[in-house]
$ cat coords-v1.pdb   # PDB, C-alpha atoms and all ligand atoms
ATOM      1  CA  PRO S 809     115.384 136.700 114.957
ATOM      2  CA  ARG S 810     112.959 135.994 112.159
ATOM      3  CA  LYS S 811     111.768 139.110 110.326
ATOM      4  CA  ILE S 812     108.002 139.543 110.121
ATOM      5  CA  ILE S 813     105.413 142.042 108.933
ATOM      6  CA  ILE S 814     102.113 141.846 110.808
ATOM      7  CA  ASP S 815      99.150 142.796 108.613
ATOM      8  CA  THR S 816      96.171 143.367 110.850
ATOM      9  CA  ASP S 817      92.684 144.808 111.571
ATOM     10  CA  PRO S 818      92.663 145.096 115.391
ATOM     11  CA  GLY S 819      90.401 143.583 116.861
ATOM     12  CA  GLN S 820      90.939 142.259 120.414
ATOM     13  CA  ASP S 821      92.436 138.977 119.207
ATOM     14  CA  ASP S 822      94.699 140.829 116.776
ATOM     15  CA  ALA S 823      95.811 142.905 119.774
ATOM     16  CA  VAL S 824      96.823 139.823 121.726
ATOM     17  CA  ALA S 825      98.710 138.517 118.677
ATOM     18  CA  ILE S 826     100.631 141.788 118.351
ATOM     19  CA  LEU S 827     101.486 141.772 122.073
ATOM     20  CA  LEU S 828     102.769 138.209 121.750
ATOM     21  CA  ALA S 829     105.039 139.197 118.862
ATOM     22  CA  LEU S 830     106.330 142.367 120.518
ATOM     23  CA  ALA S 831     107.059 140.404 123.694
ATOM     24  CA  SER S 832     109.277 137.962 121.797
ATOM     25  CA  PRO S 833     112.145 140.064 120.355
ATOM     26  CA  GLU S 834     114.655 137.233 120.704
ATOM     27  CA  ALA S 835     112.661 135.229 118.133
ATOM     28  CA  LEU S 836     110.763 137.814 116.077
ATOM     29  CA  GLU S 837     111.801 141.135 114.622
ATOM     30  CA  VAL S 838     108.654 143.100 113.760
ATOM     31  CA  LEU S 839     109.728 145.141 110.725
ATOM     32  CA  GLY S 840     106.394 146.904 110.650
ATOM     33  CA  ILE S 841     102.699 146.608 111.355
ATOM     34  CA  THR S 842     100.407 147.256 108.408
ATOM     35  CA  ALA S 843      96.778 148.053 109.122
ATOM     36  CA  VAL S 844      93.915 147.059 106.854
ATOM     37  CA  ALA S 845      90.160 147.631 106.929
ATOM     38  CA  GLY S 846      88.328 144.641 108.385
ATOM     39  CA  ASN S 847      86.829 144.262 111.839
ATOM     40  CA  VAL S 848      86.363 148.044 111.823
ATOM     41  CA  PRO S 849      87.262 150.709 109.228
ATOM     42  CA  LEU S 850      90.890 151.595 108.514
ATOM     43  CA  ALA S 851      90.847 154.842 110.526
ATOM     44  CA  LEU S 852      90.245 152.709 113.620
ATOM     45  CA  THR S 853      92.476 149.723 112.812
ATOM     46  CA  GLN S 854      95.561 151.914 112.258
ATOM     47  CA  LYS S 855      94.810 153.808 115.455
ATOM     48  CA  ASN S 856      94.250 150.574 117.382
ATOM     49  CA  ALA S 857      97.559 149.164 116.121
ATOM     50  CA  ARG S 858      99.342 152.168 117.620
ATOM     51  CA  ILE S 859      97.456 151.863 120.915
ATOM     52  CA  ILE S 860      98.665 148.255 121.152
ATOM     53  CA  CYS S 861     102.308 149.149 120.427
ATOM     54  CA  GLU S 862     102.225 151.807 123.145
ATOM     55  CA  LEU S 863     100.634 149.361 125.564
ATOM     56  CA  ALA S 864     103.553 147.011 124.857
ATOM     57  CA  GLY S 865     105.980 149.857 125.567
ATOM     58  CA  LYS S 866     107.153 149.750 121.927
ATOM     59  CA  ALA S 867     106.241 153.161 120.534
ATOM     60  CA  ASP S 868     109.163 152.848 118.098
ATOM     61  CA  VAL S 869     107.447 150.121 116.034
ATOM     62  CA  LYS S 870     106.475 151.383 112.585
ATOM     63  CA  VAL S 871     102.733 151.348 111.915
ATOM     64  CA  PHE S 872     101.395 151.938 108.396
ATOM     65  CA  ALA S 873      97.858 152.420 107.111
ATOM     66  CA  GLY S 874      96.924 150.358 104.061
ATOM     67  CA  CYS S 875      93.811 149.670 102.017
ATOM     68  CA  ASP S 876      90.514 151.039 103.287
ATOM     69  CA  ALA S 877      88.306 148.704 101.243
ATOM     70  CA  PRO S 878      88.481 145.244  99.624
ATOM     71  CA  LEU S 879      89.722 144.907  96.024
ATOM     72  CA  HIS S 880      86.313 144.732  94.371
ATOM     73  CA  ARG S 881      83.699 144.755  97.093
ATOM     74  CA  LYS S 882      82.126 146.915  99.733
ATOM     75  CA  LEU S 883      83.731 146.565 103.170
ATOM     76  CA  VAL S 884      81.950 144.274 105.633
ATOM     77  CA  THR S 885      82.884 144.961 109.271
ATOM     78  CA  ALA S 886      82.396 143.068 112.533
ATOM     79  CA  GLU S 887      81.384 145.563 115.222
ATOM     80  CA  HIS S 888      78.928 142.921 116.425
ATOM     81  CA  VAL S 889      81.960 140.946 117.630
ATOM     82  CA  HIS S 890      84.570 143.572 118.479
ATOM     83  CA  GLY S 891      82.447 146.587 119.453
ATOM     84  CA  LYS S 892      82.326 150.035 117.907
ATOM     85  CA  THR S 893      86.041 150.800 118.377
ATOM     86  CA  GLY S 894      87.274 147.323 117.447
ATOM     87  CA  LEU S 895      88.968 147.148 120.855
ATOM     88  CA  ASP S 896      85.910 147.482 123.101
ATOM     89  CA  GLY S 897      86.312 146.355 126.692
ATOM     90  CA  PRO S 898      88.799 148.504 128.614
ATOM     91  CA  GLN S 899      89.048 152.288 128.477
ATOM     92  CA  LEU S 900      91.866 153.196 126.097
ATOM     93  CA  ALA S 901      93.614 156.528 125.641
ATOM     94  CA  ALA S 902      94.307 157.834 122.123
ATOM     95  CA  PRO S 903      97.801 156.910 120.913
ATOM     96  CA  THR S 904     100.546 159.539 120.780
ATOM     97  CA  MET S 905     103.039 157.650 118.590
ATOM     98  CA  PRO S 906     102.905 158.652 114.923
ATOM     99  CA  LEU S 907     101.424 156.817 111.984
ATOM    100  CA  GLN S 908     104.043 156.379 109.232
ATOM    101  CA  ALA S 909     103.464 158.536 106.162
ATOM    102  CA  GLN S 910     104.140 155.706 103.711
ATOM    103  CA  HIS S 911     101.215 153.577 102.497
ATOM    104  CA  ALA S 912     101.293 150.040 103.927
ATOM    105  CA  VAL S 913     101.358 148.466 100.469
ATOM    106  CA  ASP S 914     104.440 150.501  99.492
ATOM    107  CA  PHE S 915     106.095 149.520 102.759
ATOM    108  CA  ILE S 916     105.446 145.828 102.058
ATOM    109  CA  ILE S 917     106.832 146.155  98.522
ATOM    110  CA  ASP S 918     109.918 148.169  99.536
ATOM    111  CA  THR S 919     110.707 145.871 102.446
ATOM    112  CA  LEU S 920     110.519 142.703 100.354
ATOM    113  CA  ARG S 921     112.738 144.263  97.696
ATOM    114  CA  ARG S 922     115.254 145.577 100.227
ATOM    115  CA  GLU S 923     115.645 142.563 102.509
ATOM    116  CA  PRO S 924     117.435 139.453 101.215
ATOM    117  CA  ALA S 925     115.071 137.045  99.430
ATOM    118  CA  HIS S 926     113.304 134.502 101.681
ATOM    119  CA  THR S 927     114.010 136.342 104.914
ATOM    120  CA  VAL S 928     110.672 138.110 105.458
ATOM    121  CA  THR S 929     107.520 136.322 106.659
ATOM    122  CA  LEU S 930     104.098 137.931 106.273
ATOM    123  CA  CYS S 931     101.580 137.451 109.075
ATOM    124  CA  PRO S 932      98.081 138.463 107.910
ATOM    125  CA  LEU S 933      95.496 138.618 110.701
ATOM    126  CA  GLY S 934      92.698 140.259 108.722
ATOM    127  CA  PRO S 935      91.351 140.448 105.163
ATOM    128  CA  LEU S 936      94.134 139.906 102.610
ATOM    129  CA  THR S 937      93.655 143.199 100.735
ATOM    130  CA  ASN S 938      97.057 144.777 101.517
ATOM    131  CA  ILE S 939      98.991 141.628 100.642
ATOM    132  CA  ALA S 940      97.105 140.997  97.398
ATOM    133  CA  THR S 941      97.458 144.635  96.351
ATOM    134  CA  ALA S 942     101.224 144.444  96.925
ATOM    135  CA  PHE S 943     101.399 141.214  94.870
ATOM    136  CA  LEU S 944      99.344 142.751  92.035
ATOM    137  CA  ARG S 945     101.401 145.916  91.951
ATOM    138  CA  ALA S 946     104.832 144.308  92.348
ATOM    139  CA  PRO S 947     104.738 140.669  91.218
ATOM    140  CA  ASP S 948     108.540 140.500  91.621
ATOM    141  CA  ILE S 949     108.165 140.438  95.417
ATOM    142  CA  ILE S 950     106.088 137.236  95.454
ATOM    143  CA  ALA S 951     109.077 134.920  95.009
ATOM    144  CA  ARG S 952     110.991 136.826  97.708
ATOM    145  CA  VAL S 953     108.516 136.092 100.549
ATOM    146  CA  GLN S 954     109.793 133.454 102.957
ATOM    147  CA  GLN S 955     106.371 132.291 104.118
ATOM    148  CA  ILE S 956     102.868 133.553 104.814
ATOM    149  CA  VAL S 957     101.342 132.440 108.109
ATOM    150  CA  LEU S 958      97.750 133.664 108.178
ATOM    151  CA  MET S 959      94.539 133.421 110.147
ATOM    152  CA  GLY S 960      91.596 132.692 107.880
ATOM    153  CA  GLY S 961      89.242 130.117 106.516
ATOM    154  CA  ALA S 962      87.583 127.015 107.875
ATOM    155  CA  TYR S 963      86.868 123.475 106.790
ATOM    156  CA  PHE S 964      85.113 121.193 109.256
ATOM    157  CA  GLU S 965      84.077 124.216 111.337
ATOM    158  CA  VAL S 966      82.837 126.100 108.253
ATOM    159  CA  GLY S 967      81.652 129.671 108.659
ATOM    160  CA  ASN S 968      81.393 132.395 111.260
ATOM    161  CA  ILE S 969      80.219 135.296 109.051
ATOM    162  CA  THR S 970      78.116 133.152 106.698
ATOM    163  CA  PRO S 971      77.360 129.428 107.023
ATOM    164  CA  ALA S 972      80.157 128.760 104.520
ATOM    165  CA  ALA S 973      82.807 131.404 105.132
ATOM    166  CA  GLU S 974      85.167 132.717 107.764
ATOM    167  CA  PHE S 975      85.292 136.528 108.173
ATOM    168  CA  ASN S 976      88.825 137.376 106.940
ATOM    169  CA  ILE S 977      88.420 135.437 103.696
ATOM    170  CA  TYR S 978      84.783 136.474 103.169
ATOM    171  CA  VAL S 979      85.544 140.207 103.384
ATOM    172  CA  ASP S 980      87.964 140.069 100.441
ATOM    173  CA  PRO S 981      87.683 136.722  98.632
ATOM    174  CA  GLU S 982      89.419 138.030  95.483
ATOM    175  CA  ALA S 983      92.411 139.077  97.579
ATOM    176  CA  ALA S 984      92.449 135.690  99.293
ATOM    177  CA  ASP S 985      92.310 133.968  95.911
ATOM    178  CA  ILE S 986      95.416 135.878  94.796
ATOM    179  CA  VAL S 987      97.305 134.941  97.941
ATOM    180  CA  PHE S 988      96.285 131.265  97.839
ATOM    181  CA  LYS S 989      97.331 131.047  94.179
ATOM    182  CA  SER S 990     100.573 133.002  94.666
ATOM    183  CA  GLY S 991     102.829 129.997  95.180
ATOM    184  CA  VAL S 992     104.203 131.438  98.428
ATOM    185  CA  PRO S 993     104.416 128.699 101.107
ATOM    186  CA  LEU S 994     101.289 129.171 103.239
ATOM    187  CA  VAL S 995     100.482 128.146 106.773
ATOM    188  CA  VAL S 996      96.765 128.612 107.433
ATOM    189  CA  MET S 997      95.116 128.908 110.858
ATOM    190  CA  PRO S 998      91.417 128.232 110.127
ATOM    191  CA  LEU S 999      88.535 128.230 112.585
ATOM    192  CA  ASP S1000      89.148 124.487 112.956
ATOM    193  CA  VAL S1001      92.188 125.248 115.086
ATOM    194  CA  THR S1002      91.251 128.646 116.543
ATOM    195  CA  HIS S1003      88.032 127.206 117.968
ATOM    196  CA  LYS S1004      90.254 124.941 120.052
ATOM    197  CA  ALA S1005      92.195 127.934 121.431
ATOM    198  CA  LEU S1006      89.393 128.921 123.803
ATOM    199  CA  THR S1007      89.544 131.253 126.745
ATOM    200  CA  THR S1008      88.370 129.913 130.086
ATOM    201  CA  ARG S1009      87.738 131.734 133.352
ATOM    202  CA  ALA S1010      91.060 130.443 134.691
ATOM    203  CA  ARG S1011      92.972 131.518 131.588
ATOM    204  CA  ILE S1012      91.479 135.018 131.633
ATOM    205  CA  GLU S1013      92.171 135.362 135.346
ATOM    206  CA  ALA S1014      95.778 134.291 134.784
ATOM    207  CA  PHE S1015      96.236 137.324 132.508
ATOM    208  CA  ARG S1016      94.665 139.589 135.125
ATOM    209  CA  ALA S1017      96.824 138.056 137.859
ATOM    210  CA  LEU S1018      99.961 139.226 136.049
ATOM    211  CA  GLY S1019      99.168 142.528 137.747
ATOM    212  CA  THR S1020     100.424 144.566 134.786
ATOM    213  CA  GLU S1021      98.672 146.957 132.429
ATOM    214  CA  PRO S1022      99.034 144.629 129.408
ATOM    215  CA  GLY S1023      97.800 141.714 131.537
ATOM    216  CA  ARG S1024      94.743 143.652 132.645
ATOM    217  CA  MET S1025      93.992 144.785 129.083
ATOM    218  CA  VAL S1026      94.184 141.248 127.708
ATOM    219  CA  ALA S1027      91.835 140.080 130.480
ATOM    220  CA  GLU S1028      89.350 142.862 129.712
ATOM    221  CA  TRP S1029      89.555 142.309 125.972
ATOM    222  CA  THR S1030      89.007 138.588 126.273
ATOM    223  CA  ASP S1031      86.168 139.208 128.737
ATOM    224  CA  PHE S1032      84.490 141.409 126.142
ATOM    225  CA  PHE S1033      85.196 139.046 123.274
ATOM    226  CA  GLU S1034      83.915 136.105 125.255
ATOM    227  CA  ARG S1035      80.499 137.635 125.810
ATOM    228  CA  PHE S1036      79.762 137.469 122.093
ATOM    229  CA  ASP S1037      81.111 133.994 121.484
ATOM    230  CA  MET S1038      79.398 132.454 124.506
ATOM    231  CA  GLN S1039      76.042 133.733 123.276
ATOM    232  CA  LYS S1040      76.750 132.508 119.791
ATOM    233  CA  TYR S1041      78.390 129.149 120.302
ATOM    234  CA  GLY S1042      77.534 128.373 123.897
ATOM    235  CA  SER S1043      81.109 127.171 124.110
ATOM    236  CA  GLU S1044      83.462 127.193 127.054
ATOM    237  CA  GLY S1045      85.014 130.474 126.008
ATOM    238  CA  ALA S1046      86.081 132.679 123.118
ATOM    239  CA  PRO S1047      88.452 131.564 120.373
ATOM    240  CA  LEU S1048      91.718 133.526 120.349
ATOM    241  CA  HIS S1049      92.078 133.344 116.576
ATOM    242  CA  ASP S1050      94.918 135.619 115.580
ATOM    243  CA  PRO S1051      97.469 134.792 118.327
ATOM    244  CA  CYS S1052      97.652 131.295 116.780
ATOM    245  CA  VAL S1053      99.635 132.832 113.887
ATOM    246  CA  ILE S1054     102.331 134.293 116.106
ATOM    247  CA  ALA S1055     102.351 131.282 118.428
ATOM    248  CA  TYR S1056     103.035 129.087 115.406
ATOM    249  CA  LEU S1057     106.165 131.102 114.601
ATOM    250  CA  LEU S1058     107.367 130.786 118.181
ATOM    251  CA  ARG S1059     106.305 127.198 118.905
ATOM    252  CA  PRO S1060     105.317 125.233 115.765
ATOM    253  CA  ASP S1061     105.428 122.100 117.910
ATOM    254  CA  LEU S1062     102.152 123.224 119.535
ATOM    255  CA  PHE S1063     100.292 122.712 116.232
ATOM    256  CA  THR S1064      99.430 119.889 113.839
ATOM    257  CA  GLY S1065      98.082 120.047 110.311
ATOM    258  CA  ARG S1066      98.218 118.709 106.768
ATOM    259  CA  HIS S1067      99.736 119.902 103.516
ATOM    260  CA  ILE S1068      96.695 120.177 101.253
ATOM    261  CA  ASN S1069      95.228 122.086  98.335
ATOM    262  CA  VAL S1070      93.003 125.010  99.301
ATOM    263  CA  GLU S1071      91.036 127.136  96.846
ATOM    264  CA  ILE S1072      88.820 130.146  97.457
ATOM    265  CA  GLU S1073      85.230 130.505  96.233
ATOM    266  CA  THR S1074      84.861 133.928  94.599
ATOM    267  CA  GLN S1075      81.617 133.520  92.620
ATOM    268  CA  SER S1076      78.779 131.769  94.406
ATOM    269  CA  PRO S1077      76.520 134.034  96.470
ATOM    270  CA  LEU S1078      75.813 131.034  98.694
ATOM    271  CA  THR S1079      79.385 130.056  99.526
ATOM    272  CA  LEU S1080      81.366 133.226  98.746
ATOM    273  CA  GLY S1081      84.700 133.248 100.557
ATOM    274  CA  MET S1082      84.645 129.565 101.404
ATOM    275  CA  THR S1083      88.067 127.942 101.733
ATOM    276  CA  VAL S1084      87.536 124.759  99.748
ATOM    277  CA  ALA S1085      90.077 122.576 101.493
ATOM    278  CA  ASP S1086      90.936 119.208  99.959
ATOM    279  CA  TRP S1087      91.571 117.628 103.359
ATOM    280  CA  TRP S1088      91.088 114.078 102.049
ATOM    281  CA  GLY S1089      93.104 114.597  98.867
ATOM    282  CA  VAL S1090      90.244 113.816  96.512
ATOM    283  CA  THR S1091      91.613 116.071  93.755
ATOM    284  CA  LYS S1092      94.991 115.825  92.096
ATOM    285  CA  ARG S1093      95.592 119.522  92.730
ATOM    286  CA  PRO S1094      98.986 120.159  94.323
ATOM    287  CA  ALA S1095      99.167 121.207  97.973
ATOM    288  CA  ASN S1096      99.507 124.959  98.447
ATOM    289  CA  ALA S1097      99.018 125.238 102.209
ATOM    290  CA  LEU S1098      99.804 123.672 105.532
ATOM    291  CA  PHE S1099      96.247 123.679 106.917
ATOM    292  CA  ILE S1100      96.354 123.538 110.703
ATOM    293  CA  GLY S1101      93.753 121.582 112.648
ATOM    294  CA  GLY S1102      95.249 120.718 116.022
ATOM    295  CA  ILE S1103      96.671 122.727 118.912
ATOM    296  CA  ASP S1104      98.014 122.059 122.395
ATOM    297  CA  ALA S1105      95.725 124.682 123.940
ATOM    298  CA  ASP S1106      97.296 124.489 127.404
ATOM    299  CA  GLY S1107     100.754 125.015 125.932
ATOM    300  CA  PHE S1108      99.414 127.865 123.808
ATOM    301  CA  PHE S1109      97.944 129.712 126.801
ATOM    302  CA  GLU S1110     101.054 129.079 128.918
ATOM    303  CA  LEU S1111     103.112 130.703 126.174
ATOM    304  CA  LEU S1112     100.700 133.656 125.875
ATOM    305  CA  ILE S1113     100.534 134.295 129.602
ATOM    306  CA  GLU S1114     104.302 134.035 130.030
ATOM    307  CA  ARG S1115     104.984 136.415 127.121
ATOM    308  CA  VAL S1116     102.338 139.004 128.079
ATOM    309  CA  GLY S1117     103.914 138.855 131.527
ATOM    310  CA  ARG S1118     107.209 140.054 130.047
ATOM    311  CA  LEU S1119     105.690 143.354 128.896
TER     312      LEU S1119
HETATM  313  C1  LIG N   1      88.920 136.583 112.338
HETATM  314  O1  LIG N   1      87.988 137.627 112.131
HETATM  315  C2  LIG N   1      88.210 138.657 113.037
HETATM  316  O2  LIG N   1      86.994 139.014 113.633
HETATM  317  C3  LIG N   1      89.233 138.190 114.029
HETATM  318  O3  LIG N   1      90.092 139.248 114.395
HETATM  319  C4  LIG N   1      89.974 137.112 113.291
HETATM  320  O4  LIG N   1      91.064 137.637 112.555
HETATM  321  C5  LIG N   1      88.185 135.353 112.830
HETATM  322  O5  LIG N   1      87.249 134.934 111.884
HETATM  323 CA    CA N   2      91.859 139.909 112.846
END
$ encode --input "coords-v1.pdb" --output "structure tokens"
Amino acid sequence: PRKIIIDTDPGQDDAVAILLALASPEALEVLGITAVAGNVPLALTQKNARIICELAGKADVKVFAGCDAPLHRKLVTAEHVHGKTGLDGPQLAAPTMPLQAQHAVDFIIDTLRREPAHTVTLCPLGPLTNIATAFLRAPDIIARVQQIVLMGGAYFEVGNITPAAEFNIYVDPEAADIVFKSGVPLVVMPLDVTHKALTTRARIEAFRALGTEPGRMVAEWTDFFERFDMQKYGSEGAPLHDPCVIAYLLRPDLFTGRHINVEIETQSPLTLGMTVADWWGVTKRPANALFIGGIDADGFFELLIERVGRL
């Protein structure tokens, strides 16, 4: 199995991504889950990560708490999307599994130094603060990363937190800039693709029809999530952003994209956190990312439903 570290700010869609990974042990070995401040503050994201592991029946997964604020800015959260707890929707009991004592950034550094080079993939599902902090503190690990597959950014779809920026990049643009300039091979899941991974009544009911606790939770989370997005976009359903990252590792054939140059705006108050994506190749800047734009949404949901059904 491919070794991954999931860096996350759960978040209902983060939760579904984590369940998908934990349900796929034949393909993915989750070395650890590192929590970061994002959708809600760190105290909640680390707790939510443990709730999700227990829901998956995997209380032995190592969960670490990382950075509680962006590199240089005040934390912006998204309770308006995810609710006060970050996992609003179903009733959830407090987790009993422990939080690891080690800081998430130290875990990322130690793991990349310990494992053979190019065997660990990072999967960021929130602001890039933990990853950038690890790269700043231990530049030797950068060349050892196999790949970074992340959810963040937007091009044709532009922003969801400002007109120009997607939430994960906007919250910590300086961290994103470090990651996008790191030279690590990047696969980016922007809003352009996640807004094609939409829940529908039938898809939500298929989770519920699994008749399991994880199935019911996913249905209730997506129900909650959908309420916000339907009001906002008037679309068919809610975008399941973060599961696209894990689905890509399991089934890259479900996705299409282009190798392009992507840079991050860190200065302009108007477009802060924008992923300036050279989709049409108008600059001579070398490609630094596989920027995904297309998805087989039916195949994606079939995969999700089948895997959640395993738990
Ligand atoms: C991203 O922001 C968060 O609200 C979601 O969990 C996802 O990672 C989408 O912009
Ligand atoms: Ca997230």
$ residues_around --input "coords-v1.pdb" --residues "region 833-850 of chain S" --least-positions-apart "2" --cutoff "6 Å" --atoms "all atoms listed in the file" --output "ChimeraX atom specification"
/S:809-817,852-854,870-876,885-886,894,912
$ resolve_selection --input "coords-v1.pdb" --expression "the PyMOL selection byres (((chain S and resi 1112) around 12) and not hetatm)" --output "ChimeraX atom specification"
/S:821,824-832,1005,1007,1011-1012,1014-1015,1018,1022-1023,1026-1027,1048,1050-1052,1054-1056,1058-1059,1105-1111,1113-1119
$ write_last_selection --input "coords-v1.pdb" --atoms "C-alpha atoms" --output "PDB file, keeping the file's coordinate frame"
ATOM      1  CA  ASP S 821      92.436 138.977 119.207  1.00  0.00           C
ATOM      2  CA  VAL S 824      96.823 139.823 121.726  1.00  0.00           C
ATOM      3  CA  ALA S 825      98.710 138.517 118.677  1.00  0.00           C
ATOM      4  CA  ILE S 826     100.631 141.788 118.351  1.00  0.00           C
ATOM      5  CA  LEU S 827     101.486 141.772 122.073  1.00  0.00           C
ATOM      6  CA  LEU S 828     102.769 138.209 121.750  1.00  0.00           C
ATOM      7  CA  ALA S 829     105.039 139.197 118.862  1.00  0.00           C
ATOM      8  CA  LEU S 830     106.330 142.367 120.518  1.00  0.00           C
ATOM      9  CA  ALA S 831     107.059 140.404 123.694  1.00  0.00           C
ATOM     10  CA  SER S 832     109.277 137.962 121.797  1.00  0.00           C
ATOM     11  CA  ALA S1005      92.195 127.934 121.431  1.00  0.00           C
ATOM     12  CA  THR S1007      89.544 131.253 126.745  1.00  0.00           C
ATOM     13  CA  ARG S1011      92.972 131.518 131.588  1.00  0.00           C
ATOM     14  CA  ILE S1012      91.479 135.018 131.633  1.00  0.00           C
ATOM     15  CA  ALA S1014      95.778 134.291 134.784  1.00  0.00           C
ATOM     16  CA  PHE S1015      96.236 137.324 132.508  1.00  0.00           C
ATOM     17  CA  LEU S1018      99.961 139.226 136.049  1.00  0.00           C
ATOM     18  CA  PRO S1022      99.034 144.629 129.408  1.00  0.00           C
ATOM     19  CA  GLY S1023      97.800 141.714 131.537  1.00  0.00           C
ATOM     20  CA  VAL S1026      94.184 141.248 127.708  1.00  0.00           C
ATOM     21  CA  ALA S1027      91.835 140.080 130.480  1.00  0.00           C
ATOM     22  CA  LEU S1048      91.718 133.526 120.349  1.00  0.00           C
ATOM     23  CA  ASP S1050      94.918 135.619 115.580  1.00  0.00           C
ATOM     24  CA  PRO S1051      97.469 134.792 118.327  1.00  0.00           C
ATOM     25  CA  CYS S1052      97.652 131.295 116.780  1.00  0.00           C
ATOM     26  CA  ILE S1054     102.331 134.293 116.106  1.00  0.00           C
ATOM     27  CA  ALA S1055     102.351 131.282 118.428  1.00  0.00           C
ATOM     28  CA  TYR S1056     103.035 129.087 115.406  1.00  0.00           C
ATOM     29  CA  LEU S1058     107.367 130.786 118.181  1.00  0.00           C
ATOM     30  CA  ARG S1059     106.305 127.198 118.905  1.00  0.00           C
ATOM     31  CA  ALA S1105      95.725 124.682 123.940  1.00  0.00           C
ATOM     32  CA  ASP S1106      97.296 124.489 127.404  1.00  0.00           C
ATOM     33  CA  GLY S1107     100.754 125.015 125.932  1.00  0.00           C
ATOM     34  CA  PHE S1108      99.414 127.865 123.808  1.00  0.00           C
ATOM     35  CA  PHE S1109      97.944 129.712 126.801  1.00  0.00           C
ATOM     36  CA  GLU S1110     101.054 129.079 128.918  1.00  0.00           C
ATOM     37  CA  LEU S1111     103.112 130.703 126.174  1.00  0.00           C
ATOM     38  CA  ILE S1113     100.534 134.295 129.602  1.00  0.00           C
ATOM     39  CA  GLU S1114     104.302 134.035 130.030  1.00  0.00           C
ATOM     40  CA  ARG S1115     104.984 136.415 127.121  1.00  0.00           C
ATOM     41  CA  VAL S1116     102.338 139.004 128.079  1.00  0.00           C
ATOM     42  CA  GLY S1117     103.914 138.855 131.527  1.00  0.00           C
ATOM     43  CA  ARG S1118     107.209 140.054 130.047  1.00  0.00           C
ATOM     44  CA  LEU S1119     105.690 143.354 128.896  1.00  0.00           C
TER      45      LEU S1119
END
$ resolve_selection --input "coords-v1.pdb" --expression "the PyMOL selection byres (((chain S and resi 1033) around 8) and not hetatm)" --output "list of chain:residue names"
S:Gln820, S:Val889, S:His890, S:Trp1029, S:Thr1030, S:Asp1031, S:Phe1032, S:Glu1034, S:Arg1035, S:Phe1036, S:Asp1037, S:Ala1046
$ residues_around --input "coords-v1.pdb" --residues "Lys855 (chain S)" --least-positions-apart "4" --cutoff "7 Å" --atoms "only C-alpha atoms" --output "PyMOL selection string"
chain S and resi 851+859+903
$ resolve_selection --input "coords-v1.pdb" --expression "the PyMOL selection byres (((chain S and resi 1062) around 6) and not hetatm)" --output "short mmCIF file (atom, residue, chain, number, x, y, z; two decimals) with C-alpha atoms, in the frame of the given file"
data_model
loop_
_atom_site.label_atom_id
_atom_site.label_comp_id
_atom_site.auth_asym_id
_atom_site.auth_seq_id
_atom_site.Cartn_x
_atom_site.Cartn_y
_atom_site.Cartn_z
CA ARG S 1059 106.30 127.20 118.90
CA PRO S 1060 105.32 125.23 115.76
CA ASP S 1061 105.43 122.10 117.91
CA PHE S 1063 100.29 122.71 116.23
CA ILE S 1103 96.67 122.73 118.91
CA ASP S 1104 98.01 122.06 122.40
#
$ residues_near_ligand --input "coords-v1.pdb" --ligand "ligand LIG 1 (chain N)" --cutoff "6 Å" --atoms "all atoms listed in the file" --output "list in words"
Gly819, Asp821, Asp822, Asn847, Leu933, Gly934, Met959, Glu974, Phe975, Asn976, His1049 and Asp1050 of chain S
$ write_last_selection --input "coords-v1.pdb" --atoms "C-alpha atoms" --output "PDB file, keeping the file's coordinate frame"
ATOM      1  CA  GLY S 819      90.401 143.583 116.861  1.00  0.00           C
ATOM      2  CA  ASP S 821      92.436 138.977 119.207  1.00  0.00           C
ATOM      3  CA  ASP S 822      94.699 140.829 116.776  1.00  0.00           C
ATOM      4  CA  ASN S 847      86.829 144.262 111.839  1.00  0.00           C
ATOM      5  CA  LEU S 933      95.496 138.618 110.701  1.00  0.00           C
ATOM      6  CA  GLY S 934      92.698 140.259 108.722  1.00  0.00           C
ATOM      7  CA  MET S 959      94.539 133.421 110.147  1.00  0.00           C
ATOM      8  CA  GLU S 974      85.167 132.717 107.764  1.00  0.00           C
ATOM      9  CA  PHE S 975      85.292 136.528 108.173  1.00  0.00           C
ATOM     10  CA  ASN S 976      88.825 137.376 106.940  1.00  0.00           C
ATOM     11  CA  HIS S1049      92.078 133.344 116.576  1.00  0.00           C
ATOM     12  CA  ASP S1050      94.918 135.619 115.580  1.00  0.00           C
TER      13      ASP S1050
END
$ closest_residue --input "coords-v1.pdb" --among "S:Ala1097, S:Leu944, S:Val995, S:Ile977" --to "ligand CA 2 (chain N)" --atoms "all atoms listed in the file"
S:Ile977
$ closest_residue --input "coords-v1.pdb" --among "S:Ile916, S:Ala925, S:Leu883, S:Ala942" --to "Pro981 (chain S)" --atoms "all atoms listed in the file"
S:Leu883
$ closest_residue --input "coords-v1.pdb" --among "S:Leu936, S:Ala972, S:Val953, S:Ile917" --to "ligand CA 2 (chain N)" --atoms "all atoms listed in the file"
S:Leu936
$ atom_distance --input "coords-v1.pdb" --atom1 "CA of Phe1099 (chain S)" --atom2 "CA of Val996 (chain S)"
5.0 Å
$ closest_residue --input "coords-v1.pdb" --among "S:Ala901, S:Ala962, S:Tyr978, S:Val928" --to "Thr1074 (chain S)" --atoms "only C-alpha atoms"
S:Tyr978
$ atom_distance --input "coords-v1.pdb" --atom1 "CA of Thr919 (chain S)" --atom2 "CA of Ile949 (chain S)"
9.2 Å
$ atom_distance --input "coords-v1.pdb" --atom1 "CA of Val1070 (chain S)" --atom2 "CA of Pro1094 (chain S)"
9.2 Å
$ closest_residue --input "coords-v1.pdb" --among "S:Lys882, S:Arg1066, S:Arg1093, S:Arg858" --to "Val979 (chain S)" --atoms "all atoms listed in the file"
S:Lys882
